[in-house]
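File shown: upload28.pdb (PDB, C-alpha atoms).
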ATOM      1  CA  MET P   1     119.800-120.721 -13.266  1.00  0.00           C
ATOM      2  CA  ASN P   2     116.086-120.624 -12.493  1.00  0.00           C
ATOM      3  CA  ASP P   3     113.583-118.190 -13.948  1.00  0.00           C
ATOM      4  CA  LEU P   4     113.590-115.864 -10.924  1.00  0.00           C
ATOM      5  CA  GLU P   5     117.374-115.668 -10.911  1.00  0.00           C
ATOM      6  CA  GLN P   6     117.345-114.876 -14.624  1.00  0.00           C
ATOM      7  CA  LEU P   7     114.700-112.190 -14.107  1.00  0.00           C
ATOM      8  CA  ALA P   8     116.721-110.652 -11.273  1.00  0.00           C
ATOM      9  CA  LYS P   9     119.832-110.614 -13.468  1.00  0.00           C
ATOM     10  CA  GLU P  10     117.947-108.946 -16.308  1.00  0.00           C
ATOM     11  CA  LEU P  11     116.478-106.340 -13.948  1.00  0.00           C
ATOM     12  CA  ARG P  12     119.919-105.534 -12.490  1.00  0.00           C
ATOM     13  CA  ASN P  13     121.278-105.007 -15.998  1.00  0.00           C
ATOM     14  CA  SER P  14     118.264-103.015 -17.162  1.00  0.00           C
ATOM     15  CA  PRO P  15     118.605 -99.338 -18.081  1.00  0.00           C
ATOM     16  CA  LYS P  16     115.854 -98.777 -15.514  1.00  0.00           C
ATOM     17  CA  ALA P  17     117.716-100.542 -12.694  1.00  0.00           C
ATOM     18  CA  THR P  18     118.294 -97.321 -10.733  1.00  0.00           C
ATOM     19  CA  GLU P  19     114.630 -96.381 -10.896  1.00  0.00           C
ATOM     20  CA  LEU P  20     113.622 -99.913  -9.852  1.00  0.00           C
ATOM     21  CA  ALA P  21     115.967 -99.687  -6.883  1.00  0.00           C
ATOM     22  CA  GLN P  22     114.409 -96.356  -5.873  1.00  0.00           C
ATOM     23  CA  ILE P  23     110.926 -97.860  -5.998  1.00  0.00           C
ATOM     24  CA  ALA P  24     112.107-100.864  -3.974  1.00  0.00           C
ATOM     25  CA  ALA P  25     113.592 -98.533  -1.347  1.00  0.00           C
ATOM     26  CA  SER P  26     110.480 -96.354  -1.125  1.00  0.00           C
ATOM     27  CA  ARG P  27     108.457 -95.924   2.046  1.00  0.00           C
ATOM     28  CA  ASP P  28     105.536 -97.781   0.442  1.00  0.00           C
ATOM     29  CA  ALA P  29     107.722-100.755  -0.477  1.00  0.00           C
ATOM     30  CA  LYS P  30     109.225-100.902   3.018  1.00  0.00           C
ATOM     31  CA  LYS P  31     105.765-100.864   4.601  1.00  0.00           C
ATOM     32  CA  LEU P  32     104.598-103.682   2.339  1.00  0.00           C
ATOM     33  CA  GLU P  33     107.743-105.640   3.147  1.00  0.00           C
ATOM     34  CA  ARG P  34     106.870-105.484   6.843  1.00  0.00           C
ATOM     35  CA  MET P  35     103.371-106.798   6.075  1.00  0.00           C
ATOM     36  CA  ILE P  36     104.654-109.957   4.374  1.00  0.00           C
ATOM     37  CA  ASP P  37     105.282-113.193   6.259  1.00  0.00           C
ATOM     38  CA  GLY P  38     108.584-113.950   4.536  1.00  0.00           C
ATOM     39  CA  ALA P  39     108.794-117.563   5.682  1.00  0.00           C
ATOM     40  CA  ALA P  40     105.277-118.361   4.474  1.00  0.00           C
ATOM     41  CA  LEU P  41     105.909-116.593   1.161  1.00  0.00           C
ATOM     42  CA  GLU P  42     109.166-118.494   0.626  1.00  0.00           C
ATOM     43  CA  GLN P  43     107.459-121.801   1.415  1.00  0.00           C
ATOM     44  CA  ALA P  44     104.633-121.008  -1.021  1.00  0.00           C
ATOM     45  CA  MET P  45     107.148-120.207  -3.749  1.00  0.00           C
ATOM     46  CA  LYS P  46     109.189-123.354  -3.119  1.00  0.00           C
ATOM     47  CA  SER P  47     106.117-125.576  -3.106  1.00  0.00           C
ATOM     48  CA  GLY P  48     104.496-123.859  -6.078  1.00  0.00           C
ATOM     49  CA  ASP P  49     101.424-122.873  -4.043  1.00  0.00           C
ATOM     50  CA  THR P  50     100.035-120.367  -6.511  1.00  0.00           C
ATOM     51  CA  ALA P  51      96.840-119.874  -4.512  1.00  0.00           C
ATOM     52  CA  ALA P  52      98.836-118.666  -1.504  1.00  0.00           C
ATOM     53  CA  LEU P  53     100.962-116.414  -3.721  1.00  0.00           C
ATOM     54  CA  ARG P  54      97.863-114.909  -5.359  1.00  0.00           C
ATOM     55  CA  LYS P  55      96.279-114.325  -1.962  1.00  0.00           C
ATOM     56  CA  THR P  56      99.404-112.540  -0.691  1.00  0.00           C
ATOM     57  CA  ILE P  57      99.727-110.376  -3.788  1.00  0.00           C
ATOM     58  CA  SER P  58      96.018-109.534  -3.786  1.00  0.00           C
ATOM     59  CA  SER P  59      96.100-108.513  -0.144  1.00  0.00           C
ATOM     60  CA  LEU P  60      99.117-106.275  -0.765  1.00  0.00           C
ATOM     61  CA  LEU P  61      97.599-104.689  -3.859  1.00  0.00           C
ATOM     62  CA  ALA P  62      94.421-103.923  -1.897  1.00  0.00           C
ATOM     63  CA  THR P  63      96.354-101.479   0.300  1.00  0.00           C
ATOM     64  CA  GLY P  64      97.035 -97.870  -0.599  1.00  0.00           C
ATOM     65  CA  GLU P  65     100.764 -98.560  -0.552  1.00  0.00           C
ATOM     66  CA  GLY P  66     100.372-101.539  -2.844  1.00  0.00           C
ATOM     67  CA  LYS P  67      98.278 -99.588  -5.311  1.00  0.00           C
ATOM     68  CA  ARG P  68     100.821 -96.745  -5.427  1.00  0.00           C
ATOM     69  CA  LEU P  69     103.718 -99.164  -5.818  1.00  0.00           C
ATOM     70  CA  ALA P  70     101.950-101.010  -8.639  1.00  0.00           C
ATOM     71  CA  GLN P  71     101.262 -97.697 -10.385  1.00  0.00           C
ATOM     72  CA  ASP P  72     104.907 -96.653 -10.033  1.00  0.00           C
ATOM     73  CA  LEU P  73     106.065 -99.957 -11.528  1.00  0.00           C
ATOM     74  CA  GLN P  74     103.521 -99.731 -14.304  1.00  0.00           C
ATOM     75  CA  LYS P  75     104.733 -96.249 -15.262  1.00  0.00           C
ATOM     76  CA  LEU P  76     108.343 -97.393 -15.193  1.00  0.00           C
ATOM     77  CA  MET P  77     107.707-100.365 -17.441  1.00  0.00           C
ATOM     78  CA  LYS P  78     106.019 -98.372 -20.192  1.00  0.00           C
ATOM     79  CA  PRO P  79     108.265 -98.053 -23.258  1.00  0.00           C
TER      80      PRO P  79
END

Is it possible to express this structure as structure tokens?
Amino acid sequence: MNDLEQLAKELRNSPKATELAQIAASRDAKKLERMIDGAALEQAMKSGDTAALRKTISSLLATGEGKRLAQDLQKLMKP
């Protein structure tokens, strides 16, 4: 099992799984999803192209939706 699969498993079993699912289903998350070139992102992940991944994440976080989503996740992850 790779690290991402392990992380996904841990998130699914987390006490905060329902809240994570709500954030993932939010209007902001859906809008960001439409902004991502899924094929390019998958290729960057497979090839380990961290520069491309950083660029994608930075561009998403520069949007209002990305900022709100990051804030929601940050609040959720606080103990």

Glu42 in chain P: which residues within 12 Å, counting all atoms listed in the file, same-chain residues fewer than 5 positions away excluded, as a list in words? Ile36, Asp37, Ser47, Gly48, Asp49, Thr50, Ala52, Leu53 and Thr56 of chain P

From the set P:Gln74, P:Leu69, P:Leu4, P:Ser59, which residue has the shortest atom-to-atom contact distance to Gln22 in chain P, counting only C-alpha atoms? P:Leu69

Using all atoms listed in the file and a cutoff of 12 Å, can you tell me which residues are near (103.1, -93.9, -7.7) in the file's coordinates, and write them out as an MDAnalysis selection string? chainID P and resid 22:24 26:29 64:76

Just checking: using only C-alpha atoms, which residue out of P:Ala25, P:Ala40, P:Glu19, P:Gln6 ends up closest to Lys55 in chain P?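 Smallest separation from Lys55 in chain P among the options: P:Ala40.
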
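Across the model, the gap from CA of Ala39 in chain P to CA of Leu61 in chain P is 19.5 Å.
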
Between CA of Ala21 in chain P and CA of Ala51 in chain P, distance in Å (one decimal): 27.9 Å

What does the structure give for the distance between CA of Leu20 in chain P and CA of Gln43 in chain P, in Å to one decimal?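 Between CA of Leu20 in chain P and CA of Gln43 in chain P the gap works out to 25.4 Å.
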
Can you give me N, CA, C and O atoms for range 54-73 of chain P, written as a compact mmCIF listing (two decimals), in the coordinates of the input?
# COMPACT_ATOMS: atom_id res chain seq x y z
N ARG P 54 98.90 -115.83 -4.88
CA ARG P 54 97.86 -114.91 -5.36
C ARG P 54 97.20 -114.18 -4.19
O ARG P 54 96.94 -112.98 -4.27
N LYS P 55 96.92 -114.92 -3.14
CA LYS P 55 96.28 -114.32 -1.96
C LYS P 55 97.17 -113.24 -1.36
O LYS P 55 96.71 -112.15 -1.02
N THR P 56 98.46 -113.51 -1.24
CA THR P 56 99.40 -112.54 -0.69
C THR P 56 99.48 -111.30 -1.57
O THR P 56 99.38 -110.17 -1.09
N ILE P 57 99.62 -111.51 -2.86
CA ILE P 57 99.73 -110.38 -3.79
C ILE P 57 98.44 -109.56 -3.78
O ILE P 57 98.47 -108.33 -3.74
N SER P 58 97.30 -110.24 -3.80
CA SER P 58 96.02 -109.53 -3.79
C SER P 58 95.85 -108.70 -2.52
O SER P 58 95.38 -107.56 -2.59
N SER P 59 96.25 -109.26 -1.40
CA SER P 59 96.10 -108.51 -0.14
C SER P 59 97.02 -107.29 -0.12
O SER P 59 96.65 -106.24 0.38
N LEU P 60 98.20 -107.42 -0.71
CA LEU P 60 99.12 -106.28 -0.76
C LEU P 60 98.61 -105.20 -1.73
O LEU P 60 98.67 -104.01 -1.44
N LEU P 61 98.09 -105.64 -2.87
CA LEU P 61 97.60 -104.69 -3.86
C LEU P 61 96.30 -104.00 -3.42
O LEU P 61 95.93 -102.98 -3.98
N ALA P 62 95.65 -104.53 -2.41
CA ALA P 62 94.42 -103.92 -1.90
C ALA P 62 94.72 -102.75 -0.97
O ALA P 62 93.82 -101.98 -0.63
N THR P 63 95.98 -102.58 -0.58
CA THR P 63 96.35 -101.48 0.30
C THR P 63 96.70 -100.25 -0.53
O THR P 63 97.03 -100.36 -1.72
N GLY P 64 96.64 -99.10 0.08
CA GLY P 64 97.04 -97.87 -0.60
C GLY P 64 98.48 -97.92 -1.06
O GLY P 64 98.80 -97.50 -2.18
N GLU P 65 99.34 -98.45 -0.20
CA GLU P 65 100.76 -98.56 -0.55
C GLU P 65 100.97 -99.48 -1.75
O GLU P 65 101.76 -99.19 -2.64
N GLY P 66 100.25 -100.59 -1.75
CA GLY P 66 100.37 -101.54 -2.84
C GLY P 66 99.89 -100.96 -4.16
O GLY P 66 100.51 -101.17 -5.20
N LYS P 67 98.80 -100.22 -4.10
CA LYS P 67 98.28 -99.59 -5.31
C LYS P 67 99.28 -98.57 -5.86
O LYS P 67 99.54 -98.53 -7.07
N ARG P 68 99.84 -97.74 -4.98
CA ARG P 68 100.82 -96.74 -5.43
C ARG P 68 102.06 -97.42 -6.01
O ARG P 68 102.59 -97.00 -7.04
N LEU P 69 102.53 -98.45 -5.34
CA LEU P 69 103.72 -99.16 -5.82
C LEU P 69 103.46 -99.80 -7.18
O LEU P 69 104.30 -99.70 -8.09
N ALA P 70 102.30 -100.41 -7.35
CA ALA P 70 101.95 -101.01 -8.64
C ALA P 70 101.88 -99.94 -9.73
O ALA P 70 102.36 -100.17 -10.85
N GLN P 71 101.33 -98.79 -9.41
CA GLN P 71 101.26 -97.70 -10.38
C GLN P 71 102.66 -97.21 -10.76
O GLN P 71 102.94 -96.96 -11.94
N ASP P 72 103.53 -97.08 -9.76
CA ASP P 72 104.91 -96.65 -10.03
C ASP P 72 105.61 -97.64 -10.96
O ASP P 72 106.32 -97.25 -11.90
N LEU P 73 105.43 -98.93 -10.69
CA LEU P 73 106.06 -99.96 -11.53
C LEU P 73 105.47 -99.97 -12.94
O LEU P 73 106.20 -100.11 -13.92
